[in-house]
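Each remark here refers to the structure printed beneath this line.
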Amino acid sequence: MNLQEVFDSYQENIAPTYTKVPLVFVKGKGSRLWDIHHKEYLDFFPGWGVCNLGHCHPKVVSAIKDQAPKLIFVANNFYHLAQAKLAKEIVYWSYPAKVFFCNSGAEANEAAIKFSRKFGKGRYEIITFDNSFHGRTLGALAATGQKKYQQGFEPLPAGFKTVKFNDLEAVKNALSDKTVGIMLELVQGEGGINVADKDFVLALRKLCDEKKLLLIIDEVQTGIGRTGKFFAFQHYGITPDIVTLAKSLGGGLPIGAMLVKKEIADTLGPGMHASTFGGGPVICKAALAVLQAVQKEKLLANCRQMGEYLKAKLLALKDKYSIIKEVRGVGLMLGVELNSPGKVIVEKCAGQGLLINCTHDTVLRLMPAINVKKKEIDRALKILEEALK
Ligand SMILES: *Cc1c(COP(=O)(O)O)cnc(C)c1O
């Protein structure tokens, strides 16, 4: 297929649910991507945060190649090795918990919502936050604190109250005898890179302990090293009751996971929740390769160092260009808030071979792979500065 035939097929045969950038990619390696015309791009927003290790990490590729001829699928009423190993590894990196495997972030959050309702025994309300994003399925959408995603899909499932982010009083005012949990991202990704205050999160933990509520942390975007720690909650010194994961866990393959604190994990017993594909052998092997690479290649340290470097450089750009209002974020999850819409900057950058994202209209989002190199950051900054000019 040539470029036009690809566009034509999409136009005719694929549901038009995405705002498209007219680029057709054929190859990726680390932080680089190549389009159908062999033009090279620097990817500073790899797969919406999915490719934390860049594209086609060799360890992930060989894990898939190694597993695929042996066994691709095992139904979840049997056992297999890779799921056993992966769950053990995730729990090792997090806290004493049990894992439920599924296929996406929304599904992981649905699992968390269903878990909470079962746990609540009649209590079912979950408090969520303005500008949050938890996914597109109905439950996760009801939890999402952004009207623009919900409009036209009503009625949404009941049982969610959305309040102002980082506002403890607002949370307290929303409590009722039906409240069972509080659900949040510690760095709101789609909502514009808004970081949760430490005092706020510590107070939420205390509140949850006092009222026997579940603290549910959505780490679908922040998990697996994105913020310079394995999980974002580790910056806060808290232990959540539930953590949801997806995006970067499978190194590019679809996987979701819900972690539940061990003491309460048996709330969902046999037959109460399920996923046909969840935690299959190929994906679990890929995820194991991701976790090993994070450890062996010291990527948490690289993420912190490169994150500080990139942030400092972006702050320097802020001093130079009045179009930049604020630079914020943690690790390599950075937002550059502009005084005007960011779309034109994103397009200019793409034209010059740099892929970034704009969220919430005015926030440029930079989330390069956590194994990004300094010289790649320098190249990206050059392109970004030209676009800002
Ligand atoms: C992307 C995202 C989701 C939804 O994940 P899907 O895999 O697209 O269902 C949920 N929560 C957060 C924080 C996300 O960034």
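Labels used: A, B, ... for chains in the order of the structure tokens, numbers from 1 for residues in each chain, and numbers from 1 for ligands as shown.
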What are the nearest atom pairs, with distances in Å to one decimal, for all residues of chain A that come at most 7 Å from ligand 1, using only C-alpha atoms and all ligand atoms, set out by chain and rising residue number as CSV?
```
residue,atom,partner,partner_atom_place_in_ligand_line,distance
A:Ser104,CA,ligand 1,7 (O),3.8
A:Gly105,CA,ligand 1,5 (O),3.3
A:Ala106,CA,ligand 1,9 (O),3.5
A:Glu107,CA,ligand 1,9 (O),6.2
A:Phe133,CA,ligand 1,11 (N),5.3
A:His134,CA,ligand 1,11 (N),3.7
A:Gly135,CA,ligand 1,4 (C),3.8
A:Arg136,CA,ligand 1,9 (O),6.4
A:Glu185,CA,ligand 1,13 (C),6.0
A:Gln188,CA,ligand 1,13 (C),6.7
A:Gly189,CA,ligand 1,15 (O),5.7
A:Glu190,CA,ligand 1,15 (O),6.3
A:Asp218,CA,ligand 1,13 (C),5.6
A:Glu219,CA,ligand 1,13 (C),6.0
A:Val220,CA,ligand 1,12 (C),4.7
A:Gln221,CA,ligand 1,15 (O),4.3
A:Ala246,CA,ligand 1,7 (O),6.1
A:Lys247,CA,ligand 1,7 (O),6.0
```
Those same residues - C-alpha atoms - I'd like them written as a short mmCIF file (atom, residue, chain, number, x, y, z; two decimals), in the first residue's frame.
```
data_model
loop_
_atom_site.label_atom_id
_atom_site.label_comp_id
_atom_site.auth_asym_id
_atom_site.auth_seq_id
_atom_site.Cartn_x
_atom_site.Cartn_y
_atom_site.Cartn_z
CA SER A 104 -6.10 -2.08 29.25
CA GLY A 105 -6.17 0.85 31.61
CA ALA A 106 -9.92 1.26 31.46
CA GLU A 107 -10.37 -2.41 32.28
CA PHE A 133 -8.87 10.58 33.21
CA HIS A 134 -9.64 6.95 33.93
CA GLY A 135 -10.68 5.50 30.58
CA ARG A 136 -13.52 5.26 28.05
CA GLU A 185 -3.89 9.97 39.46
CA GLN A 188 -2.91 13.89 36.00
CA GLY A 189 -1.82 12.99 32.48
CA GLU A 190 -4.71 13.83 30.12
CA ASP A 218 -4.53 5.14 38.87
CA GLU A 219 -0.94 4.59 37.73
CA VAL A 220 -1.90 3.64 34.19
CA GLN A 221 0.22 6.51 32.84
CA ALA A 246 -1.50 -0.61 31.97
CA LYS A 247 0.19 1.54 29.35
#
```
Considering only C-alpha atoms, return as a short mmCIF file (atom, residue, chain, number, x, y, z; two decimals) with all heavy atoms, in the first residue's frame whatever protein or nucleic-acid residues lie within 8 Å of A:Pro157, sequence-local ones (same chain, fewer than 2 positions apart) excluded.
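New file selection_17.cif:
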```cif
data_model
loop_
_atom_site.label_atom_id
_atom_site.label_comp_id
_atom_site.auth_asym_id
_atom_site.auth_seq_id
_atom_site.Cartn_x
_atom_site.Cartn_y
_atom_site.Cartn_z
N LEU A 138 -17.79 2.62 30.33
CA LEU A 138 -18.76 3.46 31.03
C LEU A 138 -18.42 3.74 32.49
O LEU A 138 -18.55 4.87 32.95
CB LEU A 138 -20.16 2.85 30.90
CG LEU A 138 -20.80 3.04 29.52
CD1 LEU A 138 -22.11 2.27 29.42
CD2 LEU A 138 -21.03 4.51 29.20
N GLY A 139 -17.94 2.72 33.20
CA GLY A 139 -17.60 2.94 34.60
C GLY A 139 -16.42 3.90 34.74
O GLY A 139 -16.45 4.88 35.49
N ALA A 142 -17.44 7.36 33.87
CA ALA A 142 -18.18 8.02 34.94
C ALA A 142 -17.22 8.53 36.02
O ALA A 142 -17.46 9.56 36.64
CB ALA A 142 -19.19 7.05 35.56
N PRO A 155 -27.14 7.78 30.07
CA PRO A 155 -26.78 7.87 31.49
C PRO A 155 -25.52 7.08 31.82
O PRO A 155 -25.37 5.93 31.38
CB PRO A 155 -27.99 7.24 32.19
CG PRO A 155 -28.53 6.27 31.19
CD PRO A 155 -28.25 6.86 29.84
N GLY A 159 -22.82 6.68 41.20
CA GLY A 159 -21.92 6.33 42.29
C GLY A 159 -20.57 7.02 42.24
O GLY A 159 -19.63 6.56 42.89
#
```
Handout entry: Close residues, A:Leu299 itself excluded, 9 Å, only C-alpha atoms, min 6 positions apart in chain, as a PyMOL selection string
Key = chain A and resi 53+225+228+293+370-371
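Of all the residues in stretch 229-309 of chain A, the ones DSSP labels as strand (DSSP E) from the backbone are Ile242, Val243, Thr244, Leu245, Gly256, Ala257, Met258, Leu259, Val260 and Lys261 of chain A.
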Problem - Nearest-residue call for A:Lys198, choices A:Met183, A:Leu168, A:Ile323, A:Leu175, using only C-alpha atoms - result: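 Smallest distance to A:Lys198 is found for A:Leu168.
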Handout entry: For A:Pro240: contacts at 8 Å, only C-alpha atoms, fewer than 4 positions along chain excluded, given as a ChimeraX atom specification
Key = /A:205,214-217,233,261
If you keep N, CA and C atoms, can you produce a file of those selected residues as a CSV table (one decimal), in the first residue's frame?
```
chain,number,residue,atom,x,y,z
A,205,ARG,N,-4.7,9.6,52.6
A,205,ARG,CA,-4.3,8.3,53.1
A,205,ARG,C,-4.9,8.2,54.6
A,214,LEU,N,-11.2,2.9,50.5
A,214,LEU,CA,-10.1,2.4,49.7
A,214,LEU,C,-9.4,3.6,49.0
A,215,LEU,N,-8.1,3.7,49.1
A,215,LEU,CA,-7.4,4.7,48.3
A,215,LEU,C,-6.9,4.0,47.0
A,216,ILE,N,-7.5,4.5,45.9
A,216,ILE,CA,-7.2,3.8,44.6
A,216,ILE,C,-6.4,4.8,43.8
A,217,ILE,N,-5.2,4.3,43.5
A,217,ILE,CA,-4.3,5.2,42.7
A,217,ILE,C,-4.2,4.6,41.2
A,233,PHE,N,3.3,6.6,43.5
A,233,PHE,CA,3.0,6.7,44.9
A,233,PHE,C,4.2,6.6,45.8
A,261,LYS,N,-4.2,-4.6,47.9
A,261,LYS,CA,-3.6,-5.0,49.1
A,261,LYS,C,-4.0,-6.4,49.6
```
Exercise for the section: For A:Lys70, list every protein, DNA or RNA residue within 12 Å, evaluated using only C-alpha atoms, and leave out those in the same chain fewer than 4 positions away; present the list as a list in words. Expected result: Ala63, Ile64, Lys65, Asp66, Val74, His80, Leu81, Ala82, Pro281, Val282 and Lys285 of chain A
Handout entry: Using only C-alpha atoms: which of A:Glu89, A:Glu386, A:Asp197, A:Glu337 has the shortest distance to A:Lys318
Key = A:Glu337
Practice task
Mind checking which residues fall within 9 Å of stretch 302-304 of chain A, counting only C-alpha atoms, ignoring those fewer than 4 positions away in the same chain, and posting them as a VMD selection string?
Solution key: chain A and resid 225 to 229 297 to 298 308 to 309 330 to 332 369 to 373
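Here the question is which of A:Leu381, A:Asn357, A:Ser275, A:Ile242 gets nearest to A:Ala97 using only C-alpha atoms, and that residue is A:Ile242.
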Exercise for the section: Write out as a ChimeraX atom specification the residues lying within 9 Å of A:Leu315, counting only C-alpha atoms and excluding same-chain residues fewer than 5 positions away. Expected result: /A:310,320,324,326-327
Could you take the residues named above and write them with all heavy atoms, as an mmCIF file, in the first residue's frame?
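Result written to again_19.cif:
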```
data_model
loop_
_atom_site.group_PDB
_atom_site.id
_atom_site.type_symbol
_atom_site.label_atom_id
_atom_site.label_comp_id
_atom_site.auth_asym_id
_atom_site.auth_seq_id
_atom_site.Cartn_x
_atom_site.Cartn_y
_atom_site.Cartn_z
ATOM 1 N N LEU A 310 15.940 17.860 31.314
ATOM 2 C CA LEU A 310 14.933 18.385 30.386
ATOM 3 C C LEU A 310 14.127 19.499 31.038
ATOM 4 O O LEU A 310 13.852 20.531 30.420
ATOM 5 C CB LEU A 310 14.026 17.240 29.911
ATOM 6 C CG LEU A 310 12.877 17.581 28.959
ATOM 7 C CD1 LEU A 310 13.378 18.308 27.716
ATOM 8 C CD2 LEU A 310 12.125 16.309 28.540
ATOM 9 N N LYS A 320 12.981 32.682 28.263
ATOM 10 C CA LYS A 320 13.261 33.311 26.971
ATOM 11 C C LYS A 320 12.005 33.638 26.165
ATOM 12 O O LYS A 320 11.991 34.604 25.406
ATOM 13 C CB LYS A 320 14.120 32.344 26.140
ATOM 14 C CG LYS A 320 15.526 32.847 25.857
ATOM 15 C CD LYS A 320 16.370 31.731 25.291
ATOM 16 C CE LYS A 320 16.835 32.026 23.887
ATOM 17 N NZ LYS A 320 17.717 30.953 23.375
ATOM 18 N N ILE A 324 5.439 30.728 27.027
ATOM 19 C CA ILE A 324 5.416 29.671 28.057
ATOM 20 C C ILE A 324 4.997 30.259 29.406
ATOM 21 O O ILE A 324 5.609 31.188 29.912
ATOM 22 C CB ILE A 324 6.790 28.985 28.202
ATOM 23 C CG1 ILE A 324 7.200 28.348 26.868
ATOM 24 C CG2 ILE A 324 6.749 27.920 29.301
ATOM 25 C CD1 ILE A 324 8.535 27.625 26.915
ATOM 26 N N GLU A 326 4.058 28.081 32.230
ATOM 27 C CA GLU A 326 4.554 27.268 33.353
ATOM 28 C C GLU A 326 5.147 25.954 32.836
ATOM 29 O O GLU A 326 4.706 25.434 31.806
ATOM 30 C CB GLU A 326 3.405 26.961 34.320
ATOM 31 C CG GLU A 326 3.895 26.496 35.675
ATOM 32 C CD GLU A 326 2.777 26.046 36.631
ATOM 33 O OE1 GLU A 326 1.625 25.854 36.194
ATOM 34 O OE2 GLU A 326 3.077 25.865 37.803
ATOM 35 N N VAL A 327 6.141 25.454 33.563
ATOM 36 C CA VAL A 327 6.698 24.128 33.280
ATOM 37 C C VAL A 327 6.487 23.300 34.541
ATOM 38 O O VAL A 327 6.819 23.736 35.636
ATOM 39 C CB VAL A 327 8.210 24.215 32.961
ATOM 40 C CG1 VAL A 327 8.806 22.829 32.789
ATOM 41 C CG2 VAL A 327 8.447 25.057 31.707
#
```
